[in-house]
$ cat upload34.txt   # compact mmCIF, C-alpha atoms and all ligand atoms
# COMPACT_ATOMS: atom_id res chain seq x y z
CA MET A 1 -5.24 -23.66 -15.81
CA LYS A 2 -5.10 -22.05 -12.41
CA LEU A 3 -4.36 -18.35 -12.03
CA SER A 4 -2.86 -16.75 -8.93
CA ILE A 5 -3.14 -13.04 -8.30
CA ILE A 6 -0.74 -11.54 -5.77
CA VAL A 7 -1.56 -8.23 -4.14
CA PRO A 8 0.90 -6.75 -1.61
CA CYS A 9 -0.73 -4.04 0.45
CA HIS A 10 0.09 -1.54 3.11
CA ASN A 11 -2.78 0.61 4.39
CA GLU A 12 -5.11 -0.10 1.47
CA GLU A 13 -8.45 -0.54 3.29
CA VAL A 14 -10.30 1.73 0.84
CA VAL A 15 -9.15 0.15 -2.41
CA LEU A 16 -9.25 -3.58 -1.67
CA PRO A 17 -13.02 -4.25 -2.13
CA GLU A 18 -12.99 -2.48 -5.52
CA LEU A 19 -9.86 -4.33 -6.61
CA LEU A 20 -11.40 -7.68 -5.71
CA ASN A 21 -14.60 -6.76 -7.52
CA LYS A 22 -12.75 -5.88 -10.70
CA CYS A 23 -10.53 -8.96 -10.60
CA VAL A 24 -13.47 -11.32 -10.06
CA ASN A 25 -15.41 -9.74 -12.96
CA ILE A 26 -12.48 -10.11 -15.31
CA LEU A 27 -11.82 -13.70 -14.27
CA HIS A 28 -15.48 -14.42 -14.87
CA LYS A 29 -15.29 -12.89 -18.37
CA LEU A 30 -12.22 -14.99 -19.10
CA SER A 31 -14.07 -18.09 -17.80
CA ILE A 32 -11.27 -18.75 -15.34
CA ILE A 33 -12.84 -20.67 -12.51
CA GLU A 34 -9.72 -22.00 -10.87
CA TYR A 35 -7.96 -19.10 -9.23
CA GLU A 36 -6.67 -17.68 -5.96
CA ILE A 37 -6.22 -14.08 -4.93
CA ILE A 38 -3.48 -13.75 -2.35
CA ILE A 39 -3.65 -10.48 -0.45
CA VAL A 40 -0.57 -9.83 1.66
CA ASN A 41 -1.03 -7.40 4.51
CA ASP A 42 2.34 -5.72 4.96
CA GLY A 43 2.06 -4.37 8.51
CA SER A 44 -0.86 -2.02 7.84
CA THR A 45 -1.86 0.36 10.60
CA ASP A 46 -5.39 0.98 9.25
CA ASN A 47 -8.21 -1.55 8.85
CA THR A 48 -6.65 -3.44 5.93
CA LEU A 49 -6.48 -6.70 7.92
CA LYS A 50 -10.12 -6.39 8.93
CA VAL A 51 -11.12 -5.77 5.29
CA ILE A 52 -9.11 -8.80 4.14
CA LYS A 53 -10.91 -10.96 6.72
CA GLN A 54 -14.26 -9.71 5.39
CA LEU A 55 -13.24 -10.41 1.79
CA ILE A 56 -12.26 -13.97 2.72
CA THR A 57 -15.77 -14.62 4.04
CA LEU A 58 -17.27 -13.26 0.79
CA ASN A 59 -15.06 -15.24 -1.55
CA ASN A 60 -13.35 -18.46 -0.53
CA LYS A 61 -10.73 -18.03 -3.26
CA VAL A 62 -9.22 -15.10 -1.41
CA ILE A 63 -6.24 -15.99 0.76
CA GLY A 64 -5.04 -13.54 3.38
CA VAL A 65 -1.43 -13.40 4.48
CA ASN A 66 -0.59 -11.27 7.47
CA LEU A 67 3.05 -10.24 7.90
CA SER A 68 4.33 -9.63 11.42
CA ARG A 69 5.34 -6.03 10.62
CA ASN A 70 5.88 -3.67 7.70
CA PHE A 71 8.69 -5.26 5.67
CA GLY A 72 8.23 -3.32 2.44
CA HIS A 73 6.60 -3.98 -0.92
CA GLN A 74 9.25 -6.35 -2.32
CA TYR A 75 9.14 -8.58 0.76
CA ALA A 76 5.34 -8.64 0.83
CA LEU A 77 5.39 -9.62 -2.82
CA SER A 78 7.97 -12.33 -2.12
CA ALA A 79 5.74 -13.75 0.62
CA GLY A 80 2.83 -13.98 -1.83
CA LEU A 81 5.00 -15.55 -4.54
CA SER A 82 6.26 -18.19 -2.11
CA LEU A 83 2.72 -19.31 -1.31
CA CYS A 84 0.94 -19.25 -4.67
CA THR A 85 0.07 -22.43 -6.52
CA GLY A 86 -1.15 -21.16 -9.91
CA ASP A 87 0.14 -22.11 -13.35
CA ARG A 88 0.23 -18.42 -14.17
CA ILE A 89 0.75 -15.62 -11.69
CA LEU A 90 -0.34 -12.01 -11.96
CA ILE A 91 1.51 -9.49 -9.79
CA ILE A 92 -0.54 -6.36 -9.24
CA ASP A 93 -0.61 -3.29 -6.96
CA ALA A 94 -3.64 -2.85 -4.71
CA ASP A 95 -4.45 0.72 -5.75
CA LEU A 96 -5.72 -0.04 -9.29
CA GLN A 97 -2.85 1.89 -10.86
CA ASP A 98 -2.09 -1.38 -12.61
CA PRO A 99 -5.37 -2.04 -14.46
CA PRO A 100 -6.74 -5.57 -13.94
CA GLU A 101 -8.60 -4.98 -17.25
CA LEU A 102 -5.29 -5.67 -19.00
CA LEU A 103 -5.31 -9.32 -17.90
CA PRO A 104 -7.12 -10.72 -21.01
CA ASP A 105 -4.59 -9.03 -23.31
CA MET A 106 -1.71 -10.23 -21.16
CA MET A 107 -3.00 -13.80 -21.28
CA GLN A 108 -3.48 -13.62 -25.04
CA LEU A 109 -0.01 -12.18 -25.59
CA MET A 110 1.51 -14.89 -23.42
CA ASP A 111 -0.20 -17.55 -25.56
CA GLU A 112 0.54 -15.96 -28.91
CA GLU A 113 4.19 -15.25 -28.16
CA SER A 114 4.75 -18.39 -26.10
CA ALA A 115 6.22 -16.02 -23.54
CA ASP A 116 6.97 -16.74 -19.91
CA VAL A 117 6.71 -13.12 -18.80
CA VAL A 118 4.39 -10.35 -20.00
CA TYR A 119 5.38 -7.12 -18.25
CA GLY A 120 3.45 -3.89 -18.14
CA ARG A 121 5.28 -0.91 -19.63
CA ARG A 122 3.98 2.50 -18.60
CA VAL A 123 3.59 4.77 -21.60
CA SER A 124 2.25 7.58 -19.45
CA ARG A 125 1.58 8.12 -15.77
CA GLU A 126 -1.42 10.04 -14.54
CA GLY A 127 -1.77 11.78 -11.20
CA GLU A 128 1.81 11.44 -10.07
CA THR A 129 4.02 14.26 -8.94
CA PHE A 130 6.63 15.84 -11.20
CA PHE A 131 9.23 14.76 -8.64
CA LYS A 132 8.15 11.11 -8.74
CA LYS A 133 8.02 10.99 -12.54
CA THR A 134 11.42 12.67 -12.91
CA THR A 135 13.23 10.58 -10.30
CA SER A 136 11.70 7.41 -11.70
CA HIS A 137 12.70 8.37 -15.26
CA ILE A 138 16.29 9.06 -14.17
CA PHE A 139 16.44 5.89 -12.07
CA TYR A 140 15.42 3.57 -14.93
CA ARG A 141 17.88 5.17 -17.36
CA LEU A 142 20.70 5.00 -14.80
CA LEU A 143 19.85 1.39 -14.00
CA SER A 144 19.89 0.32 -17.63
CA ARG A 145 23.27 2.03 -18.08
CA LEU A 146 24.83 0.41 -15.03
CA ALA A 147 23.14 -2.98 -14.80
CA ASP A 148 24.77 -6.06 -16.27
CA VAL A 149 21.36 -7.43 -17.32
CA GLU A 150 18.79 -5.66 -19.42
CA ILE A 151 16.07 -4.45 -17.06
CA PRO A 152 13.11 -2.95 -18.94
CA ASN A 153 12.60 0.80 -18.60
CA ASP A 154 9.43 2.25 -17.08
CA SER A 155 7.99 -0.98 -15.79
CA GLY A 156 7.14 -1.76 -12.20
CA ASP A 157 6.26 -5.20 -10.89
CA PHE A 158 2.96 -5.43 -12.77
CA ARG A 159 3.42 -8.61 -14.80
CA LEU A 160 2.08 -12.02 -15.67
CA ILE A 161 4.57 -14.82 -15.17
CA THR A 162 4.48 -18.58 -15.58
CA LYS A 163 4.94 -21.03 -12.76
CA ARG A 164 8.36 -22.06 -14.04
CA VAL A 165 9.61 -18.47 -13.77
CA ASN A 166 8.29 -18.25 -10.22
CA ASP A 167 9.89 -21.62 -9.32
CA GLN A 168 13.30 -20.30 -10.40
CA LEU A 169 12.70 -16.94 -8.71
CA LEU A 170 11.98 -18.69 -5.42
CA LYS A 171 15.28 -20.55 -5.66
CA MET A 172 17.26 -17.30 -5.77
CA PRO A 173 18.80 -16.66 -2.34
CA GLU A 174 19.00 -12.83 -2.65
CA LYS A 175 18.14 -10.99 0.53
CA GLN A 176 17.61 -7.55 -1.01
CA ARG A 177 14.98 -8.63 -3.49
CA PHE A 178 14.53 -6.29 -6.46
CA ILE A 179 11.93 -8.56 -8.06
CA ARG A 180 11.57 -6.88 -11.47
CA GLY A 181 15.35 -7.09 -11.94
CA MET A 182 15.52 -10.69 -10.75
CA ILE A 183 12.82 -11.72 -13.22
CA ALA A 184 14.68 -9.96 -16.03
CA TRP A 185 17.89 -11.75 -14.98
CA LEU A 186 16.20 -15.16 -15.16
CA GLY A 187 15.85 -14.99 -18.94
CA PHE A 188 12.98 -16.84 -20.69
CA LYS A 189 10.93 -15.00 -23.29
CA GLN A 190 9.75 -11.68 -21.84
CA VAL A 191 7.44 -9.38 -23.79
CA PRO A 192 6.13 -5.90 -22.92
CA ILE A 193 2.56 -4.71 -22.99
CA ASP A 194 2.00 -0.95 -23.02
CA TYR A 195 -0.52 0.69 -20.73
CA ILE A 196 -1.46 4.05 -19.33
CA ARG A 197 -0.86 4.16 -15.61
CA ASP A 198 -3.86 5.76 -14.01
CA LYS A 199 -3.83 7.71 -10.81
CA ARG A 200 -4.50 5.93 -7.54
CA TYR A 201 -8.10 4.80 -7.05
CA ALA A 202 -7.96 6.17 -3.48
CA GLY A 203 -5.52 6.99 -0.72
CA VAL A 204 -1.95 8.21 -1.04
CA THR A 205 1.27 6.55 -2.13
CA LYS A 206 2.72 4.10 0.38
CA TYR A 207 6.16 4.53 -1.11
CA THR A 208 7.74 7.19 1.06
CA PHE A 209 10.89 8.89 -0.22
CA ARG A 210 12.91 6.64 2.08
CA LYS A 211 11.33 3.45 0.68
CA MET A 212 11.79 4.69 -2.88
CA ALA A 213 15.46 5.47 -2.24
CA LYS A 214 15.97 2.02 -0.70
CA LEU A 215 14.40 0.34 -3.73
CA ALA A 216 16.59 2.36 -6.08
CA ILE A 217 19.77 1.52 -4.11
CA ASP A 218 18.81 -2.18 -3.92
CA GLY A 219 18.16 -2.17 -7.67
CA ILE A 220 21.48 -0.64 -8.59
CA THR A 221 23.68 -2.44 -6.07
CA SER A 222 22.10 -5.83 -6.87
CA PHE A 223 22.68 -5.58 -10.59
CA SER A 224 25.88 -3.63 -10.99
CA ILE A 225 29.35 -3.60 -9.48
CA SER A 226 29.86 0.04 -10.56
CA PRO A 227 29.18 1.41 -7.03
CA LEU A 228 31.84 -0.96 -5.70
CA LYS A 229 34.31 0.10 -8.39
CA ALA A 230 33.59 3.76 -7.62
CA ALA A 231 34.25 3.16 -3.91
CA ILE A 232 37.61 1.52 -4.68
CA THR A 233 38.61 4.32 -7.08
CA PHE A 234 37.74 6.96 -4.46
CA ALA A 235 39.62 5.01 -1.79
CA PHE A 236 42.78 4.90 -3.91
CA PHE A 237 42.42 8.54 -4.87
CA PHE A 238 42.08 9.76 -1.29
CA SER A 239 44.85 7.55 0.06
CA PHE A 240 47.12 8.93 -2.67
CA ILE A 241 46.18 12.51 -1.66
CA SER A 242 46.78 11.74 2.03
CA ILE A 243 50.21 10.26 1.31
CA ILE A 244 51.15 13.45 -0.52
CA LEU A 245 49.79 15.60 2.32
CA MET A 246 51.70 13.52 4.89
CA ALA A 247 54.90 13.96 2.92
N1 LIG A 301 3.17 -1.55 -0.47
C1 LIG A 301 3.49 -2.54 0.45
N2 LIG A 301 4.36 -2.23 1.47
C2 LIG A 301 4.92 -1.01 1.61
C3 LIG A 301 4.62 0.00 0.64
C4 LIG A 301 3.76 -0.32 -0.38
O1 LIG A 301 3.00 -3.66 0.36
O2 LIG A 301 5.68 -0.80 2.56
C5 LIG A 301 2.24 -1.86 -1.56
C6 LIG A 301 1.08 -0.87 -1.72
O3 LIG A 301 0.03 -1.15 -0.86
C7 LIG A 301 0.72 -1.05 -3.20
C8 LIG A 301 2.09 -1.36 -3.83
O4 LIG A 301 2.94 -1.79 -2.77
O5 LIG A 301 -0.13 -2.15 -3.41
C9 LIG A 301 2.68 -0.13 -4.51
O6 LIG A 301 2.71 0.94 -3.61
P1 LIG A 301 2.16 2.40 -3.98
O7 LIG A 301 0.98 2.29 -4.87
O8 LIG A 301 1.95 3.17 -2.73
O9 LIG A 301 3.41 2.97 -4.77
P2 LIG A 301 3.43 3.96 -6.03
O10 LIG A 301 2.42 3.44 -7.01
O11 LIG A 301 3.06 5.30 -5.50
O12 LIG A 301 4.83 3.87 -6.53
MG MG A 302 0.48 3.01 -6.65
$ encode --input "upload34.txt" --output "structure tokens"
Amino acid sequence: MKLSIIVPCHNEEVVLPELLNKCVNILHKLSIIEYEIIIVNDGSTDNTLKVIKQLITLNNKVIGVNLSRNFGHQYALSAGLSLCTGDRILIIDADLQDPPELLPDMMQLMDEESADVVYGRRVSREGETFFKKTTSHIFYRLLSRLADVEIPNDSGDFRLITKRVNDQLLKMPEKQRFIRGMIAWLGFKQVPIDYIRDKRYAGVTKYTFRKMAKLAIDGITSFSISPLKAAITFAFFFSFISIILMA
């Protein structure tokens, strides 16, 4: 069995060596010798690329992917997913907020449940602002109300998926890729695993308000026609009012 680990990163020079260290230790404990760690540099402006190049020389199972500019987390992740060759694929953030230590339990759960997706569900979030926690809470509840598919609450992209899920995911032509929603849409057996989301190992969030808002809009507009219906209702309402005013 070959395992692929995909790490999208934007300005993560400080956290990458520690992440690699932890991942390699866990893979060693699990006796997984066939693996690849794909680190995607999403247009970083710090020394992330330099650090990735150093990590490649230390471990020949690390693969560096360098995007031509900052495209955003979901695109960086898509680039990694399109290149990986593992039988199972772990999607993880660079900042250690998604604990690599959960991998053994995720693998076990996947075996026991014969699942194709094991997704991390955050039971609590440490070190994040009240604003972030509140907006995220509202977003997931709104999404599950509006979306036509069941997208799990309080889970990011931290998940273990099988190759066949990734193969289908890569066939989807969507341009605005809301990966967690697309994986939910694909079906297969998907099981949650609860975890406490720690604070960032170092650095600050790379999700600016603008990027967060874009992700939320992509999520809702990709999985629900409610915004379209609302636009049509408003259009009819205002044309009706204008006809009356004209008269
Ligand atoms: N990230 C990325 N491109 C971006 C923004 C973020 O690849 O434009 C990566 C980032 O390096 C991290 C992951 O996406 O590995 C999640 O970002 P972050 O931890 O900053 O988000 P938060 O946990 O605060 O929601
Ligand atoms: Mg984070």
$ residues_around --input "upload34.txt" --residues "A:Leu170" --least-positions-apart "6" --cutoff "9 Å" --atoms "all atoms listed in the file" --output "PyMOL selection string"
chain A and resi 78+81-82
$ atom_distance --input "upload34.txt" --atom1 "atom CA of A:Ala230" --atom2 "atom CA of A:Gln176"
20.7 Å
$ closest_residue --input "upload34.txt" --among "A:Leu30, A:Ala94, A:Val40, A:Cys9" --to "A:Arg200" --atoms "all atoms listed in the file"
A:Ala94
$ atom_distance --input "upload34.txt" --atom1 "atom CA of A:Ala79" --atom2 "atom CA of A:Ser144"
27.0 Å
$ residues_near_ligand --input "upload34.txt" --ligand "ligand LIG 301 (chain A)" --cutoff "8 Å" --atoms "all atoms listed in the file" --output "number ranges by chain"
A: 7-12, 40-43, 70-77, 92-95, 97, 128, 200, 204-208, 211-212
$ closest_residue --input "upload34.txt" --among "A:Thr129, A:Asn25, A:Asn59, A:Ser136" --to "A:Ala216" --atoms "all atoms listed in the file"
A:Ser136
$ closest_residue --input "upload34.txt" --among "A:Glu150, A:Asp194, A:Asp167, A:Glu34" --to "A:Leu109" --atoms "all atoms listed in the file"
A:Asp194
$ residues_near_point --input "upload34.txt" --point "(17.6, 3.4, -16.9)" --cutoff "12 Å" --atoms "all atoms listed in the file" --output "list in words"
Thr134, Thr135, Ser136, His137, Ile138, Phe139, Tyr140, Arg141, Leu142, Leu143, Ser144, Arg145, Leu146, Ala147, Asp148, Val149, Glu150, Ile151, Pro152, Asn153, Asp154, Ser155, Gly181, Ala216, Gly219 and Ile220 of chain A
$ closest_residue --input "upload34.txt" --among "A:Phe236, A:Phe223, A:Phe158, A:Phe188" --to "ligand MG 302 (chain A)" --atoms "all atoms listed in the file"
A:Phe158
$ closest_residue --input "upload34.txt" --among "A:Phe238, A:Phe209, A:Phe178, A:Tyr195" --to "A:Arg122" --atoms "all atoms listed in the file"
A:Tyr195
$ atom_distance --input "upload34.txt" --atom1 "atom CA of A:Tyr119" --atom2 "atom CA of A:Ile39"
20.2 Å
$ residues_around --input "upload34.txt" --residues "A:Val117" --least-positions-apart "6" --cutoff "6 Å" --atoms "all atoms listed in the file" --output "PyMOL selection string"
chain A and resi 160-161+190
$ decode --input "upload34.txt" --residues "stretch 175-192 of chain A" --atoms "N, CA, C and O atoms" --output "compact mmCIF listing (two decimals), in the first residue's frame"
# COMPACT_ATOMS: atom_id res chain seq x y z
N LYS A 175 -14.84 24.38 -11.96
CA LYS A 175 -13.74 25.36 -11.93
C LYS A 175 -13.58 25.93 -10.53
O LYS A 175 -12.47 26.11 -10.04
N GLN A 176 -14.70 26.27 -9.88
CA GLN A 176 -14.63 26.74 -8.49
C GLN A 176 -14.66 25.49 -7.63
O GLN A 176 -15.72 24.92 -7.41
N ARG A 177 -13.51 25.03 -7.21
CA ARG A 177 -13.46 23.71 -6.55
C ARG A 177 -13.57 23.84 -5.03
O ARG A 177 -12.63 24.25 -4.37
N PHE A 178 -14.74 23.45 -4.50
CA PHE A 178 -14.96 23.38 -3.06
C PHE A 178 -14.80 21.90 -2.71
O PHE A 178 -15.78 21.14 -2.72
N ILE A 179 -13.54 21.51 -2.47
CA ILE A 179 -13.18 20.08 -2.43
C ILE A 179 -13.99 19.28 -1.42
O ILE A 179 -14.47 18.19 -1.73
N ARG A 180 -14.15 19.81 -0.19
CA ARG A 180 -14.86 19.01 0.82
C ARG A 180 -16.29 18.70 0.40
O ARG A 180 -16.81 17.63 0.66
N GLY A 181 -16.91 19.66 -0.32
CA GLY A 181 -18.27 19.47 -0.82
C GLY A 181 -18.28 18.46 -1.97
O GLY A 181 -19.16 17.60 -2.06
N MET A 182 -17.28 18.56 -2.84
CA MET A 182 -17.23 17.67 -4.00
C MET A 182 -17.03 16.22 -3.54
O MET A 182 -17.62 15.30 -4.10
N ILE A 183 -16.22 16.04 -2.51
CA ILE A 183 -16.00 14.68 -2.00
C ILE A 183 -17.30 14.15 -1.38
O ILE A 183 -17.67 13.00 -1.58
N ALA A 184 -18.01 15.01 -0.66
CA ALA A 184 -19.29 14.59 -0.07
C ALA A 184 -20.26 14.20 -1.19
O ALA A 184 -20.98 13.20 -1.09
N TRP A 185 -20.27 14.97 -2.26
CA TRP A 185 -21.18 14.74 -3.38
C TRP A 185 -20.94 13.38 -4.06
O TRP A 185 -21.86 12.74 -4.55
N LEU A 186 -19.65 12.97 -4.06
CA LEU A 186 -19.28 11.74 -4.77
C LEU A 186 -19.90 10.49 -4.18
O LEU A 186 -19.98 9.45 -4.85
N GLY A 187 -20.33 10.54 -2.92
CA GLY A 187 -20.91 9.34 -2.31
C GLY A 187 -19.83 8.46 -1.71
O GLY A 187 -18.88 8.97 -1.13
N PHE A 188 -19.92 7.16 -1.86
CA PHE A 188 -19.05 6.18 -1.19
C PHE A 188 -19.30 6.24 0.32
O PHE A 188 -19.97 7.15 0.81
N LYS A 189 -18.70 5.33 1.05
CA LYS A 189 -18.91 5.35 2.50
C LYS A 189 -17.95 6.37 3.14
O LYS A 189 -16.73 6.27 2.97
N GLN A 190 -18.54 7.34 3.85
CA GLN A 190 -17.73 8.41 4.44
C GLN A 190 -17.98 8.43 5.95
O GLN A 190 -19.11 8.56 6.38
N VAL A 191 -16.93 8.28 6.73
CA VAL A 191 -17.12 8.26 8.19
C VAL A 191 -16.31 9.36 8.87
O VAL A 191 -15.20 9.69 8.43
N PRO A 192 -16.87 9.95 9.93
CA PRO A 192 -16.15 11.03 10.63
C PRO A 192 -15.20 10.49 11.69
O PRO A 192 -15.38 9.38 12.20
